[in-house]
Amino acid sequence: MRDEKSGLPLYQGSQINRRQSMWKNHYEYIRNCNIILEAVQDRDSELSKKMTAACLAIKGICYYNLMRSFCEPYIPETANDTPGLPLVKTFDIEERPQRSSLKETGEYICSLLNKSISMKLESEDYIFTGDVTSAFLAKTLFWMQDWDGVIGICP
């Protein structure tokens with residue numbers, strides 16, 4: 001239910017619950033991508049290449065959304081000392097990664113998105129084509145205040 005004048009929710013408790021489930025849901029997507037990436041890593045088929053590119057993009061976008069929602073604002077001078085996100089790079093049910101720095105988180109997101117872009121996914125069957133992934137890379141670089149990187153993507 002929303003206030004008619006402002007459009008804001010009348011009860012903020014429901015918004016708090018949505019943020020908690022956002023964290024859980026995004027890490028579930030990352031887990032699923034890690035499972036797929038490990039399953040197709042040694043295959044050379046066209047389908048496995050497309051799935052790899054899509055999974056790398058999805059992981060990068062999930063981490064971007066988590067970073068924007070749960071981390072401090074990016075200040076380049078203090079990014080090494082600012083807590084980032086736990087980076088889950090492979091599927092390991094026992095792993096409990098510590099939080100990386102905000103700089104490491106941003107660099108990891110950029111590396112995922114760059115790898116996906118380099119695979120040149122341009123199939124209509126996938127949402128995360130090179131153009132979409134490039135847009136998220138530009139957003140990430142903009143958030144990290146890497147102006148030259150943004151200009152390189154969006155001249």
# chains A, B, ... in the order shown; residues from 1 in each chain; ligands from 1
$ residues_around --residues "stretch 39-49 of chain A" --least-positions-apart "6" --cutoff "12 Å" --atoms "only C-alpha atoms" --output "PDB file with C-alpha atoms, in the first residue's frame"
ATOM      1  CA  ASN A  32      24.116 -21.153 -10.034  1.00  0.00           C
ATOM      2  CA  CYS A  33      26.431 -19.366 -12.469  1.00  0.00           C
ATOM      3  CA  CYS A  55      27.073 -16.528 -16.763  1.00  0.00           C
ATOM      4  CA  LEU A  56      30.044 -14.157 -16.489  1.00  0.00           C
ATOM      5  CA  THR A  90      33.894 -21.033  -7.573  1.00  0.00           C
ATOM      6  CA  PHE A  91      31.227 -23.398  -6.329  1.00  0.00           C
ATOM      7  CA  LYS A 115      35.635 -11.472 -20.042  1.00  0.00           C
ATOM      8  CA  SER A 116      31.992 -11.702 -21.064  1.00  0.00           C
ATOM      9  CA  ILE A 117      32.334  -8.847 -23.571  1.00  0.00           C
ATOM     10  CA  SER A 118      35.453 -10.433 -25.081  1.00  0.00           C
ATOM     11  CA  MET A 119      33.430 -13.576 -25.865  1.00  0.00           C
ATOM     12  CA  LYS A 120      31.204 -11.525 -28.211  1.00  0.00           C
ATOM     13  CA  LEU A 121      27.822 -12.976 -27.264  1.00  0.00           C
ATOM     14  CA  GLU A 122      25.384 -11.616 -29.856  1.00  0.00           C
ATOM     15  CA  SER A 123      22.616 -14.212 -29.870  1.00  0.00           C
ATOM     16  CA  ASP A 125      18.389 -16.040 -27.305  1.00  0.00           C
ATOM     17  CA  TYR A 126      20.375 -14.299 -24.546  1.00  0.00           C
TER      18      TYR A 126
END
$ residues_around --residues "A:Phe128" --least-positions-apart "3" --cutoff "7 Å" --atoms "only C-alpha atoms" --output "list in words"
Ala54, Ala57, Val132 and Thr133 of chain A
$ write_last_selection --atoms "N, CA and C atoms" --output "mmCIF file, in the first residue's frame"
data_model
loop_
_atom_site.group_PDB
_atom_site.id
_atom_site.type_symbol
_atom_site.label_atom_id
_atom_site.label_comp_id
_atom_site.auth_asym_id
_atom_site.auth_seq_id
_atom_site.Cartn_x
_atom_site.Cartn_y
_atom_site.Cartn_z
ATOM 1 N N ALA A 54 27.268 -15.584 -20.907
ATOM 2 C CA ALA A 54 26.070 -15.143 -20.190
ATOM 3 C C ALA A 54 26.263 -15.251 -18.677
ATOM 4 N N ALA A 57 28.498 -12.497 -17.361
ATOM 5 C CA ALA A 57 27.756 -11.231 -17.324
ATOM 6 C C ALA A 57 26.793 -11.207 -16.136
ATOM 7 N N VAL A 132 24.651 -4.929 -23.799
ATOM 8 C CA VAL A 132 24.085 -4.844 -22.441
ATOM 9 C C VAL A 132 25.195 -4.944 -21.407
ATOM 10 N N THR A 133 26.105 -5.882 -21.616
ATOM 11 C CA THR A 133 27.205 -6.068 -20.675
ATOM 12 C C THR A 133 28.116 -4.837 -20.674
#
$ residues_around --residues "A:Gln98" --least-positions-apart "2" --cutoff "9 Å" --atoms "only C-alpha atoms" --output "JSON list (two decimals) with C-alpha atoms, in the first residue's frame"
[["chain", "number", "residue", "atom", "x", "y", "z"],
["A", 85, "LEU", "CA", 31.63, -7.94, -0.83],
["A", 86, "PRO", "CA", 32.46, -11.60, -0.23],
["A", 87, "LEU", "CA", 33.61, -12.77, -3.67],
["A", 96, "ARG", "CA", 32.90, -18.91, 3.55],
["A", 100, "SER", "CA", 37.15, -8.18, 0.01]]
$ select_by_dssp --residues "stretch 2-130 of chain A" --states "strand (DSSP E)" --output "MDAnalysis selection string"
chainID A and resid 83:86 99:101
$ select_by_dssp --residues "stretch 29-135 of chain A" --states "alpha helix (DSSP H)" --output "ChimeraX atom specification"
/A:29-40,46-70,102-118,130-135
$ residues_around --residues "A:Leu66" --least-positions-apart "6" --cutoff "12 Å" --atoms "only C-alpha atoms" --output "VMD selection string"
chain A and resid 19 to 27 29 to 30 59 to 60 72 84 to 87 102 105 to 106 109 140
$ write_last_selection --atoms "N, CA, C and O atoms" --output "PDB file, in the first residue's frame"
ATOM      1  N   ARG A  19      15.134  -6.080   0.877  1.00  0.00           N
ATOM      2  CA  ARG A  19      16.584  -5.924   0.787  1.00  0.00           C
ATOM      3  C   ARG A  19      17.301  -7.167   1.306  1.00  0.00           C
ATOM      4  O   ARG A  19      18.320  -7.557   0.766  1.00  0.00           O
ATOM      5  N   GLN A  20      16.763  -7.789   2.356  1.00  0.00           N
ATOM      6  CA  GLN A  20      17.374  -9.012   2.854  1.00  0.00           C
ATOM      7  C   GLN A  20      17.280 -10.127   1.822  1.00  0.00           C
ATOM      8  O   GLN A  20      18.230 -10.870   1.609  1.00  0.00           O
ATOM      9  N   SER A  21      16.149 -10.236   1.159  1.00  0.00           N
ATOM     10  CA  SER A  21      16.020 -11.290   0.167  1.00  0.00           C
ATOM     11  C   SER A  21      16.807 -10.960  -1.096  1.00  0.00           C
ATOM     12  O   SER A  21      17.212 -11.870  -1.817  1.00  0.00           O
ATOM     13  N   MET A  22      17.082  -9.692  -1.368  1.00  0.00           N
ATOM     14  CA  MET A  22      17.915  -9.330  -2.512  1.00  0.00           C
ATOM     15  C   MET A  22      19.311  -9.928  -2.347  1.00  0.00           C
ATOM     16  O   MET A  22      19.864 -10.498  -3.285  1.00  0.00           O
ATOM     17  N   TRP A  23      19.884  -9.793  -1.159  1.00  0.00           N
ATOM     18  CA  TRP A  23      21.210 -10.352  -0.878  1.00  0.00           C
ATOM     19  C   TRP A  23      21.209 -11.863  -1.140  1.00  0.00           C
ATOM     20  O   TRP A  23      22.044 -12.383  -1.864  1.00  0.00           O
ATOM     21  N   LYS A  24      20.254 -12.547  -0.556  1.00  0.00           N
ATOM     22  CA  LYS A  24      20.153 -14.005  -0.693  1.00  0.00           C
ATOM     23  C   LYS A  24      19.947 -14.403  -2.150  1.00  0.00           C
ATOM     24  O   LYS A  24      20.624 -15.294  -2.663  1.00  0.00           O
ATOM     25  N   ASN A  25      19.032 -13.748  -2.834  1.00  0.00           N
ATOM     26  CA  ASN A  25      18.722 -14.110  -4.221  1.00  0.00           C
ATOM     27  C   ASN A  25      19.910 -13.892  -5.149  1.00  0.00           C
ATOM     28  O   ASN A  25      20.190 -14.725  -6.014  1.00  0.00           O
ATOM     29  N   HIS A  26      20.611 -12.786  -4.988  1.00  0.00           N
ATOM     30  CA  HIS A  26      21.750 -12.517  -5.866  1.00  0.00           C
ATOM     31  C   HIS A  26      22.872 -13.533  -5.647  1.00  0.00           C
ATOM     32  O   HIS A  26      23.498 -13.973  -6.616  1.00  0.00           O
ATOM     33  N   TYR A  27      23.113 -13.906  -4.405  1.00  0.00           N
ATOM     34  CA  TYR A  27      24.143 -14.918  -4.171  1.00  0.00           C
ATOM     35  C   TYR A  27      23.698 -16.297  -4.661  1.00  0.00           C
ATOM     36  O   TYR A  27      24.534 -17.119  -5.035  1.00  0.00           O
ATOM     37  N   TYR A  29      21.964 -16.647  -7.483  1.00  0.00           N
ATOM     38  CA  TYR A  29      22.263 -16.544  -8.917  1.00  0.00           C
ATOM     39  C   TYR A  29      23.760 -16.748  -9.166  1.00  0.00           C
ATOM     40  O   TYR A  29      24.151 -17.429 -10.117  1.00  0.00           O
ATOM     41  N   ILE A  30      24.575 -16.161  -8.303  1.00  0.00           N
ATOM     42  CA  ILE A  30      26.026 -16.309  -8.440  1.00  0.00           C
ATOM     43  C   ILE A  30      26.422 -17.772  -8.263  1.00  0.00           C
ATOM     44  O   ILE A  30      27.228 -18.310  -9.023  1.00  0.00           O
ATOM     45  N   LYS A  59      26.961 -12.882 -13.308  1.00  0.00           N
ATOM     46  CA  LYS A  59      27.726 -12.729 -12.062  1.00  0.00           C
ATOM     47  C   LYS A  59      28.168 -11.285 -11.873  1.00  0.00           C
ATOM     48  O   LYS A  59      28.031 -10.720 -10.774  1.00  0.00           O
ATOM     49  N   GLY A  60      28.709 -10.680 -12.917  1.00  0.00           N
ATOM     50  CA  GLY A  60      29.160  -9.297 -12.817  1.00  0.00           C
ATOM     51  C   GLY A  60      28.023  -8.348 -12.462  1.00  0.00           C
ATOM     52  O   GLY A  60      28.177  -7.465 -11.619  1.00  0.00           O
ATOM     53  N   GLU A  72      29.645   0.884   0.939  1.00  0.00           N
ATOM     54  CA  GLU A  72      29.822   2.330   1.050  1.00  0.00           C
ATOM     55  C   GLU A  72      30.057   2.922  -0.335  1.00  0.00           C
ATOM     56  O   GLU A  72      30.484   2.214  -1.246  1.00  0.00           O
ATOM     57  N   GLY A  84      34.259  -4.394   0.956  1.00  0.00           N
ATOM     58  CA  GLY A  84      33.466  -4.672  -0.236  1.00  0.00           C
ATOM     59  C   GLY A  84      32.545  -5.847   0.018  1.00  0.00           C
ATOM     60  O   GLY A  84      31.902  -5.927   1.062  1.00  0.00           O
ATOM     61  N   LEU A  85      32.512  -6.784  -0.920  1.00  0.00           N
ATOM     62  CA  LEU A  85      31.629  -7.943  -0.828  1.00  0.00           C
ATOM     63  C   LEU A  85      32.438  -9.237  -0.688  1.00  0.00           C
ATOM     64  O   LEU A  85      33.583  -9.290  -1.115  1.00  0.00           O
ATOM     65  N   PRO A  86      31.833 -10.274  -0.146  1.00  0.00           N
ATOM     66  CA  PRO A  86      32.461 -11.596  -0.232  1.00  0.00           C
ATOM     67  C   PRO A  86      32.407 -12.058  -1.692  1.00  0.00           C
ATOM     68  O   PRO A  86      31.333 -12.082  -2.287  1.00  0.00           O
ATOM     69  N   LEU A  87      33.545 -12.367  -2.264  1.00  0.00           N
ATOM     70  CA  LEU A  87      33.612 -12.775  -3.665  1.00  0.00           C
ATOM     71  C   LEU A  87      33.664 -14.294  -3.759  1.00  0.00           C
ATOM     72  O   LEU A  87      34.650 -14.907  -3.367  1.00  0.00           O
ATOM     73  N   LEU A 102      36.643  -2.831  -1.232  1.00  0.00           N
ATOM     74  CA  LEU A 102      35.768  -2.278  -2.249  1.00  0.00           C
ATOM     75  C   LEU A 102      36.486  -2.187  -3.593  1.00  0.00           C
ATOM     76  O   LEU A 102      35.891  -2.425  -4.648  1.00  0.00           O
ATOM     77  N   THR A 105      36.502  -5.643  -5.087  1.00  0.00           N
ATOM     78  CA  THR A 105      35.156  -5.946  -5.569  1.00  0.00           C
ATOM     79  C   THR A 105      34.911  -5.293  -6.920  1.00  0.00           C
ATOM     80  O   THR A 105      34.455  -5.943  -7.861  1.00  0.00           O
ATOM     81  N   GLY A 106      35.223  -4.015  -7.033  1.00  0.00           N
ATOM     82  CA  GLY A 106      35.035  -3.308  -8.303  1.00  0.00           C
ATOM     83  C   GLY A 106      35.869  -3.892  -9.423  1.00  0.00           C
ATOM     84  O   GLY A 106      35.391  -4.066 -10.553  1.00  0.00           O
ATOM     85  N   ILE A 109      34.364  -7.226 -10.554  1.00  0.00           N
ATOM     86  CA  ILE A 109      33.182  -6.993 -11.401  1.00  0.00           C
ATOM     87  C   ILE A 109      33.628  -6.628 -12.816  1.00  0.00           C
ATOM     88  O   ILE A 109      33.124  -7.183 -13.798  1.00  0.00           O
ATOM     89  N   THR A 140      29.594   0.446 -13.894  1.00  0.00           N
ATOM     90  CA  THR A 140      30.536   0.077 -12.833  1.00  0.00           C
ATOM     91  C   THR A 140      31.715   1.047 -12.807  1.00  0.00           C
ATOM     92  O   THR A 140      32.105   1.535 -11.742  1.00  0.00           O
TER      93      THR A 140
END
$ atom_distance --atom1 "atom CA of A:Met67" --atom2 "atom CA of A:Leu141"
12.5 Å
